[in-house]
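Structure data (mmCIF, C-alpha atoms) from upload.cif:
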```
data_entry
#
loop_
_atom_site.label_atom_id
_atom_site.label_comp_id
_atom_site.auth_asym_id
_atom_site.auth_seq_id
_atom_site.Cartn_x
_atom_site.Cartn_y
_atom_site.Cartn_z
CA MET F 1 -7.01 8.84 -2.24
CA GLY F 2 -8.71 8.68 1.14
CA ARG F 3 -6.83 9.56 4.28
CA ILE F 4 -6.61 8.05 7.75
CA VAL F 5 -6.17 10.08 10.92
CA PHE F 6 -5.30 8.29 14.18
CA ILE F 7 -6.10 10.14 17.40
CA CYS F 8 -3.90 9.36 20.39
CA ALA F 9 -1.86 11.04 23.12
CA VAL F 10 0.72 12.08 20.56
CA SER F 11 -0.47 13.21 17.15
CA VAL F 12 0.47 10.96 14.27
CA PRO F 13 1.17 12.47 10.85
CA GLU F 14 -1.74 12.08 8.48
CA LEU F 15 -0.90 9.57 5.76
CA SER F 16 -2.76 8.35 2.75
CA LEU F 17 -4.24 4.87 2.71
CA LEU F 18 -1.56 3.85 0.23
CA HIS F 19 1.23 5.11 2.49
CA TRP F 20 -0.18 3.28 5.52
CA ALA F 21 -0.38 0.16 3.35
CA PHE F 22 3.30 0.58 2.40
CA ALA F 23 4.28 1.10 6.04
CA LEU F 24 2.34 -1.95 7.24
CA LEU F 25 3.69 -4.07 4.40
CA SER F 26 7.23 -2.97 5.27
CA SER F 27 6.67 -3.89 8.91
CA PHE F 28 5.34 -7.29 7.91
CA ILE F 29 8.40 -7.82 5.71
CA ILE F 30 10.70 -6.89 8.62
CA GLY F 31 9.05 -9.65 10.65
CA MET F 32 9.49 -12.13 7.81
CA SER F 33 13.15 -11.22 7.39
CA LYS F 34 13.89 -11.55 11.10
CA SER F 35 12.38 -15.03 11.05
CA GLY F 36 15.20 -16.10 8.74
CA ILE F 37 14.02 -15.24 5.22
CA LYS F 38 16.81 -13.05 3.89
CA GLY F 39 16.88 -10.50 1.09
CA PHE F 40 13.96 -8.31 2.24
CA GLY F 41 15.79 -5.43 3.90
CA ILE F 42 16.28 -3.19 0.89
CA VAL F 43 12.60 -3.39 -0.05
CA VAL F 44 11.68 -2.15 3.44
CA VAL F 45 14.09 0.77 3.15
CA ALA F 46 12.75 1.70 -0.29
CA LEU F 47 9.08 1.61 0.75
CA MET F 48 9.60 3.46 4.04
CA ALA F 49 11.70 6.15 2.36
CA ILE F 50 8.86 6.73 -0.09
CA VAL F 51 6.39 7.12 2.78
CA PHE F 52 8.39 9.07 5.39
CA GLY F 53 11.41 10.45 3.53
CA GLY F 54 14.96 9.13 3.49
CA LYS F 55 16.42 10.27 6.80
CA ALA F 56 13.19 10.26 8.82
CA SER F 57 12.42 6.70 7.76
CA THR F 58 15.64 5.39 9.33
CA GLY F 59 14.40 6.39 12.79
CA ILE F 60 10.98 4.85 12.22
CA ILE F 61 12.43 1.57 10.96
CA LEU F 62 14.92 1.11 13.81
CA PRO F 63 12.47 0.25 16.65
CA LEU F 64 10.72 -2.17 14.29
CA LEU F 65 14.05 -3.86 13.57
CA ILE F 66 14.84 -4.13 17.28
CA THR F 67 11.44 -5.76 17.86
CA GLY F 68 12.31 -8.34 15.20
CA ASP F 69 15.84 -8.75 16.58
CA ILE F 70 14.51 -9.63 20.04
CA PHE F 71 12.27 -12.30 18.52
CA ALA F 72 15.10 -13.68 16.36
CA VAL F 73 17.48 -13.88 19.32
CA PHE F 74 14.84 -15.63 21.41
CA TYR F 75 14.17 -18.15 18.64
CA TYR F 76 17.68 -18.76 17.28
CA HIS F 77 19.99 -17.71 20.17
CA ARG F 78 21.44 -21.17 20.77
CA HIS F 79 22.83 -21.28 17.22
CA ALA F 80 25.05 -18.18 17.50
CA GLU F 81 28.74 -18.42 16.59
CA TRP F 82 30.26 -15.81 18.91
CA LYS F 83 33.81 -15.92 17.53
CA TYR F 84 32.60 -14.67 14.15
CA LEU F 85 30.28 -12.08 15.66
CA ILE F 86 33.13 -10.61 17.73
CA ARG F 87 35.30 -10.28 14.61
CA LEU F 88 32.70 -8.10 12.86
CA LEU F 89 30.94 -6.16 15.63
CA PRO F 90 33.70 -3.66 16.62
CA TRP F 91 34.20 -2.63 12.99
CA MET F 92 30.46 -2.15 12.58
CA MET F 93 30.32 0.09 15.64
CA ILE F 94 33.02 2.31 14.15
CA GLY F 95 31.10 2.35 10.87
CA VAL F 96 27.95 3.49 12.70
CA ILE F 97 29.84 6.42 14.21
CA LEU F 98 31.24 7.39 10.80
CA GLY F 99 27.76 7.11 9.28
CA THR F 100 26.32 9.33 12.03
CA ILE F 101 28.89 12.04 11.34
CA ALA F 102 28.49 11.83 7.56
CA GLY F 103 24.69 11.87 7.62
CA LYS F 104 24.04 14.47 10.32
CA ASP F 105 24.21 17.63 8.24
CA LEU F 106 23.09 16.26 4.88
CA ASN F 107 19.87 17.79 3.56
CA GLU F 108 16.97 15.49 2.78
CA GLU F 109 17.50 15.49 -0.99
CA VAL F 110 21.19 14.55 -0.80
CA PHE F 111 20.49 11.99 1.94
CA LYS F 112 17.73 10.39 -0.13
CA GLN F 113 19.90 10.22 -3.24
CA GLY F 114 22.76 8.78 -1.22
CA MET F 115 20.42 6.13 0.18
CA ALA F 116 19.33 5.22 -3.37
CA ILE F 117 22.97 4.85 -4.41
CA VAL F 118 23.66 2.60 -1.41
CA ILE F 119 20.66 0.48 -2.41
CA PHE F 120 22.02 0.14 -5.95
CA ILE F 121 25.43 -0.89 -4.62
CA SER F 122 23.81 -3.43 -2.30
CA VAL F 123 21.82 -4.92 -5.18
CA ILE F 124 24.96 -5.16 -7.33
CA ILE F 125 26.85 -6.87 -4.51
CA MET F 126 24.10 -9.47 -4.05
CA ILE F 127 23.83 -10.11 -7.79
CA TRP F 128 27.62 -10.46 -8.02
CA TRP F 129 27.58 -12.92 -5.13
CA ASP F 130 24.82 -15.00 -6.73
CA LEU F 131 26.53 -15.16 -10.13
CA ARG F 132 30.20 -15.71 -9.23
CA LYS F 133 31.39 -19.30 -9.57
CA SER F 134 33.92 -19.25 -6.76
CA LYS F 135 32.56 -18.65 -3.27
CA VAL F 136 36.02 -18.33 -1.70
CA ILE F 137 36.46 -14.97 0.05
CA PRO F 138 39.65 -13.83 1.86
CA LYS F 139 39.49 -14.36 5.63
CA HIS F 140 42.21 -11.83 6.50
CA TRP F 141 41.33 -9.25 9.17
CA THR F 142 41.14 -6.60 6.46
CA PHE F 143 38.16 -8.42 4.97
CA ALA F 144 36.31 -8.33 8.30
CA GLY F 145 37.31 -4.68 8.70
CA THR F 146 36.08 -3.68 5.25
CA MET F 147 32.79 -5.56 5.59
CA GLY F 148 32.28 -4.31 9.15
CA LEU F 149 32.94 -0.65 8.38
CA SER F 150 30.73 -0.84 5.27
CA ALA F 151 27.95 -2.62 7.17
CA GLY F 152 28.10 -0.14 10.06
CA PHE F 153 28.09 2.89 7.80
CA THR F 154 25.24 1.65 5.63
CA THR F 155 23.15 0.46 8.57
CA MET F 156 23.28 3.98 10.02
CA VAL F 157 22.51 5.88 6.82
CA GLY F 158 19.88 3.47 5.56
CA ASN F 159 19.49 0.31 7.68
CA LEU F 160 21.22 -1.51 4.81
CA ALA F 161 23.93 -3.56 6.50
CA GLY F 162 22.56 -6.90 5.29
CA SER F 163 24.52 -7.16 2.04
CA PHE F 164 27.91 -6.64 3.67
CA SER F 165 27.31 -8.68 6.82
CA ASN F 166 25.81 -11.52 4.76
CA LEU F 167 28.92 -11.64 2.58
CA PHE F 168 31.10 -11.91 5.67
CA PHE F 169 29.10 -14.69 7.32
CA LEU F 170 28.68 -16.57 4.06
CA ALA F 171 32.47 -16.51 3.75
CA MET F 172 32.64 -18.22 7.14
CA ARG F 173 30.49 -21.04 5.69
CA LEU F 174 28.05 -21.03 8.57
CA PRO F 175 25.15 -23.52 8.45
CA LYS F 176 21.74 -21.94 7.96
CA ASP F 177 20.63 -21.91 11.62
CA ASN F 178 24.04 -20.71 12.80
CA PHE F 179 23.96 -17.98 10.17
CA ILE F 180 20.54 -16.79 11.35
CA GLY F 181 21.44 -17.04 15.05
CA THR F 182 24.72 -15.15 14.67
CA THR F 183 23.22 -12.35 12.61
CA ALA F 184 20.31 -12.12 15.07
CA TRP F 185 22.66 -11.30 17.96
CA LEU F 186 24.79 -9.03 15.76
CA PHE F 187 21.89 -6.84 14.70
CA LEU F 188 20.33 -6.74 18.15
CA PHE F 189 23.59 -5.32 19.50
CA ILE F 190 24.22 -2.92 16.62
CA ASN F 191 20.63 -1.65 16.38
CA ILE F 192 20.52 -0.89 20.11
CA PHE F 193 23.91 0.82 19.73
CA LYS F 194 22.39 3.07 17.04
CA VAL F 195 19.48 4.30 19.18
CA PRO F 196 21.29 7.15 21.02
CA PHE F 197 22.61 8.52 17.73
CA HIS F 198 19.10 8.61 16.28
CA VAL F 199 17.68 10.21 19.42
CA PHE F 200 20.31 12.81 20.28
CA SER F 201 22.27 13.45 17.07
CA TRP F 202 19.88 13.01 14.16
CA GLU F 203 16.68 13.38 16.24
CA THR F 204 14.94 10.87 14.00
CA ILE F 205 13.50 8.91 16.95
CA THR F 206 10.97 10.96 18.88
CA LEU F 207 7.79 10.39 20.84
CA LYS F 208 5.88 10.97 17.62
CA THR F 209 7.83 8.33 15.65
CA LEU F 210 7.50 5.85 18.52
CA THR F 211 3.74 6.37 18.37
CA ILE F 212 3.81 5.43 14.71
CA ASN F 213 5.80 2.33 15.68
CA LEU F 214 2.98 1.25 18.02
CA TYR F 215 0.67 0.93 15.02
CA LEU F 216 3.26 -0.96 12.97
CA ILE F 217 4.68 -3.43 15.51
CA PRO F 218 1.67 -5.82 15.24
CA ALA F 219 2.51 -6.27 11.54
CA VAL F 220 6.11 -7.11 12.52
CA ILE F 221 4.87 -9.78 14.94
CA ILE F 222 2.52 -11.27 12.34
CA GLY F 223 5.36 -11.36 9.83
CA MET F 224 7.61 -13.18 12.29
CA LEU F 225 4.99 -15.77 13.19
CA ILE F 226 4.28 -16.51 9.53
CA GLY F 227 7.96 -16.39 8.62
CA VAL F 228 9.04 -19.18 10.96
CA ARG F 229 6.48 -21.44 9.31
CA VAL F 230 7.46 -20.74 5.72
CA VAL F 231 11.22 -20.25 6.05
CA LYS F 232 11.89 -23.91 5.20
CA LYS F 233 9.35 -24.11 2.38
CA ILE F 234 9.96 -21.00 0.30
CA ASN F 235 11.99 -21.14 -2.92
CA GLU F 236 14.52 -18.58 -1.75
CA LYS F 237 16.52 -18.48 -5.00
CA LEU F 238 13.62 -17.39 -7.21
CA PHE F 239 12.21 -15.13 -4.53
CA ARG F 240 15.62 -13.50 -4.03
CA ARG F 241 15.79 -12.62 -7.73
CA PHE F 242 12.32 -11.10 -7.56
CA ILE F 243 13.36 -9.05 -4.52
CA LEU F 244 16.45 -7.75 -6.32
CA VAL F 245 14.38 -6.55 -9.30
CA VAL F 246 11.75 -4.88 -7.12
CA THR F 247 14.47 -3.32 -4.98
CA ALA F 248 16.27 -1.82 -7.96
CA ILE F 249 12.98 -0.28 -9.09
CA GLY F 250 12.44 1.06 -5.58
CA ALA F 251 15.88 2.68 -5.59
CA ILE F 252 15.07 4.45 -8.87
CA ILE F 253 11.81 5.76 -7.39
CA ILE F 254 13.60 7.04 -4.27
CA TYR F 255 16.31 8.75 -6.30
CA PHE F 256 13.95 10.64 -8.59
CA LYS F 257 11.03 11.16 -6.19
#
```
Can you dump the structure from the file as structure tokens?
Amino acid sequence: MGRIVFICAVSVPELSLLHWAFALLSSFIIGMSKSGIKGFGIVVVALMAIVFGGKASTGIILPLLITGDIFAVFYYHRHAEWKYLIRLLPWMMIGVILGTIAGKDLNEEVFKQGMAIVIFISVIIMIWWDLRKSKVIPKHWTFAGTMGLSAGFTTMVGNLAGSFSNLFFLAMRLPKDNFIGTTAWLFLFINIFKVPFHVFSWETITLKTLTINLYLIPAVIIGMLIGVRVVKKINEKLFRRFILVVTAIGAIIIYFK
């Protein structure tokens, strides 16, 4: 397989053509997901972990997510439901701190296997949600606490908060635009909150990783621009099932790679 070498002020790791394709595809998918098409996040995590490794990929993904968050907030900000966001955000922040502590000293192999397990759990949760007949979920503070802690922990160790936060906001029966607007603000806040932990504790965001981000951000922007046009046309139910299958396969690859 041919290789690409980019020459710039900060050296970028040499990756195969296939790995750059995976990274660009993941960035495009991030843009699509931030435009309002849900269910993509786990695929991004799986592909990026294959390219960069489990722990390292979390630091590369984060600036791309923040880029998408800024766009989503700009586009959907007026639809945010702040009372629901405030119920979840503090718990997520605590979960991020717990995830930072738990993931700091894990070696790459254990971290990668843990990420694969989290992916499997996330897939199971989404399948369970799709199949259950009753959509009634308890609204007690313990529900917000459990979902928030789980979302915060998993967003730190694998940028995988979507399953838990989606369950919470779906329980609040938010209309589509309100759902997108509220989650946009939530993830902008929580992803910015995560940056210092990646920089100073895990050291997964560096000048080198930010240089890689410069090559990937255009794909995020393209994904967002296309996403806002197709978000109302796509058959999300069938596509969601496809995503779940591909994601489960990706988790298996990560675990045994």
- Name the residues captured by the PyMOL selection byres ((chain F and resi 101) around 12) when it is applied to the shown file; answer as a ChimeraX atom specification. /F:94-100,102-106,153,156-157,197-198,201-202
- Message: Just the number, please: distance in Å from atom CA of F:Ala72 to atom CA of F:Ala184, one decimal.
- Response: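 Between atom CA of F:Ala72 and atom CA of F:Ala184 the gap works out to 5.6 Å.
Proximity ranking of F:Lys55, F:Arg87, F:Arg173, F:Lys34 relative to F:Asn159 places F:Lys55 first, based on all atoms listed in the file.
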- Query: Could you write out as a VMD selection string the residues that the PyMOL selection byres ((chain F and resi 141-152) around 8) matches in the shown file?
  - Reply: chain F and resid 87 to 97 99 138 to 140 153 to 156 160 to 165 167 to 168
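You will find atom CA of F:Asn107 at 21.1 Å from atom CA of F:Ile121.
As for atom CA of F:Gly36 and atom CA of F:Leu186, they are spaced 13.8 Å apart.
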Name the residues, using the chain letters and numbers of the file, that sit within 12 Å of (8.3, -7.2, 8.7) when counting all atoms listed in the file, and give them as a short mmCIF file (atom, residue, chain, number, x, y, z; two decimals) with C-alpha atoms, in the frame of the given file.
```cif
data_model
loop_
_atom_site.label_atom_id
_atom_site.label_comp_id
_atom_site.auth_asym_id
_atom_site.auth_seq_id
_atom_site.Cartn_x
_atom_site.Cartn_y
_atom_site.Cartn_z
CA PHE F 22 3.30 0.58 2.40
CA ALA F 23 4.28 1.10 6.04
CA LEU F 24 2.34 -1.95 7.24
CA LEU F 25 3.69 -4.07 4.40
CA SER F 26 7.23 -2.97 5.27
CA SER F 27 6.67 -3.89 8.91
CA PHE F 28 5.34 -7.29 7.91
CA ILE F 29 8.40 -7.82 5.71
CA ILE F 30 10.70 -6.89 8.62
CA GLY F 31 9.05 -9.65 10.65
CA MET F 32 9.49 -12.13 7.81
CA SER F 33 13.15 -11.22 7.39
CA LYS F 34 13.89 -11.55 11.10
CA SER F 35 12.38 -15.03 11.05
CA GLY F 36 15.20 -16.10 8.74
CA ILE F 37 14.02 -15.24 5.22
CA LYS F 38 16.81 -13.05 3.89
CA GLY F 39 16.88 -10.50 1.09
CA PHE F 40 13.96 -8.31 2.24
CA GLY F 41 15.79 -5.43 3.90
CA ILE F 42 16.28 -3.19 0.89
CA VAL F 43 12.60 -3.39 -0.05
CA VAL F 44 11.68 -2.15 3.44
CA VAL F 45 14.09 0.77 3.15
CA LEU F 47 9.08 1.61 0.75
CA MET F 48 9.60 3.46 4.04
CA ILE F 61 12.43 1.57 10.96
CA LEU F 62 14.92 1.11 13.81
CA PRO F 63 12.47 0.25 16.65
CA LEU F 64 10.72 -2.17 14.29
CA LEU F 65 14.05 -3.86 13.57
CA ILE F 66 14.84 -4.13 17.28
CA THR F 67 11.44 -5.76 17.86
CA GLY F 68 12.31 -8.34 15.20
CA ASP F 69 15.84 -8.75 16.58
CA PHE F 71 12.27 -12.30 18.52
CA LEU F 216 3.26 -0.96 12.97
CA ILE F 217 4.68 -3.43 15.51
CA PRO F 218 1.67 -5.82 15.24
CA ALA F 219 2.51 -6.27 11.54
CA VAL F 220 6.11 -7.11 12.52
CA ILE F 221 4.87 -9.78 14.94
CA ILE F 222 2.52 -11.27 12.34
CA GLY F 223 5.36 -11.36 9.83
CA MET F 224 7.61 -13.18 12.29
CA LEU F 225 4.99 -15.77 13.19
CA ILE F 226 4.28 -16.51 9.53
CA GLY F 227 7.96 -16.39 8.62
#
```
- Message: Tell me which residues come within 12 Å of (20.7, -18.4, 14.5), as a ChimeraX atom specification, counting all atoms listed in the file in the file's coordinates.
- Response: /F:34-37,69,71-82,85,169,174-187
- Message: Here is a test: counting all atoms listed in the file, which residue of F:Ala21, F:Ala46, F:Ile70, F:Ile127 is nearest to F:Ile249?
- Response: F:Ala46
Exercise on stretch 33-46 of chain F, axis-aligned box with 8 Å per side, report centre and edge lengths in Å to one decimal, as AutoDock Vina command-line options:
```
--center_x 14.3 --center_y -7.2 --center_z 5.4 --size_x 21.2 --size_y 33.8 --size_z 27.4
```
What would the selection look like, as a compact mmCIF listing (two decimals) with C-alpha atoms, keeping the file's coordinate frame, if the PyMOL selection byres ((chain F and resi 210) around 12) were run on the coordinates I just shared?
```txt
# COMPACT_ATOMS: atom_id res chain seq x y z
CA ALA F 9 -1.86 11.04 23.12
CA VAL F 10 0.72 12.08 20.56
CA SER F 11 -0.47 13.21 17.15
CA VAL F 12 0.47 10.96 14.27
CA PRO F 13 1.17 12.47 10.85
CA SER F 57 12.42 6.70 7.76
CA GLY F 59 14.40 6.39 12.79
CA ILE F 60 10.98 4.85 12.22
CA ILE F 61 12.43 1.57 10.96
CA LEU F 62 14.92 1.11 13.81
CA PRO F 63 12.47 0.25 16.65
CA LEU F 64 10.72 -2.17 14.29
CA VAL F 199 17.68 10.21 19.42
CA THR F 204 14.94 10.87 14.00
CA ILE F 205 13.50 8.91 16.95
CA THR F 206 10.97 10.96 18.88
CA LEU F 207 7.79 10.39 20.84
CA LYS F 208 5.88 10.97 17.62
CA THR F 209 7.83 8.33 15.65
CA THR F 211 3.74 6.37 18.37
CA ILE F 212 3.81 5.43 14.71
CA ASN F 213 5.80 2.33 15.68
CA LEU F 214 2.98 1.25 18.02
CA TYR F 215 0.67 0.93 15.02
CA LEU F 216 3.26 -0.96 12.97
CA ILE F 217 4.68 -3.43 15.51
```
- Query: Nearest to F:Ile50: which of F:Val228, F:Val110, F:Ala116, F:Ala171 is it, counting only C-alpha atoms?
  - Reply: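 Among the listed residues, F:Ala116 lies closest to F:Ile50.
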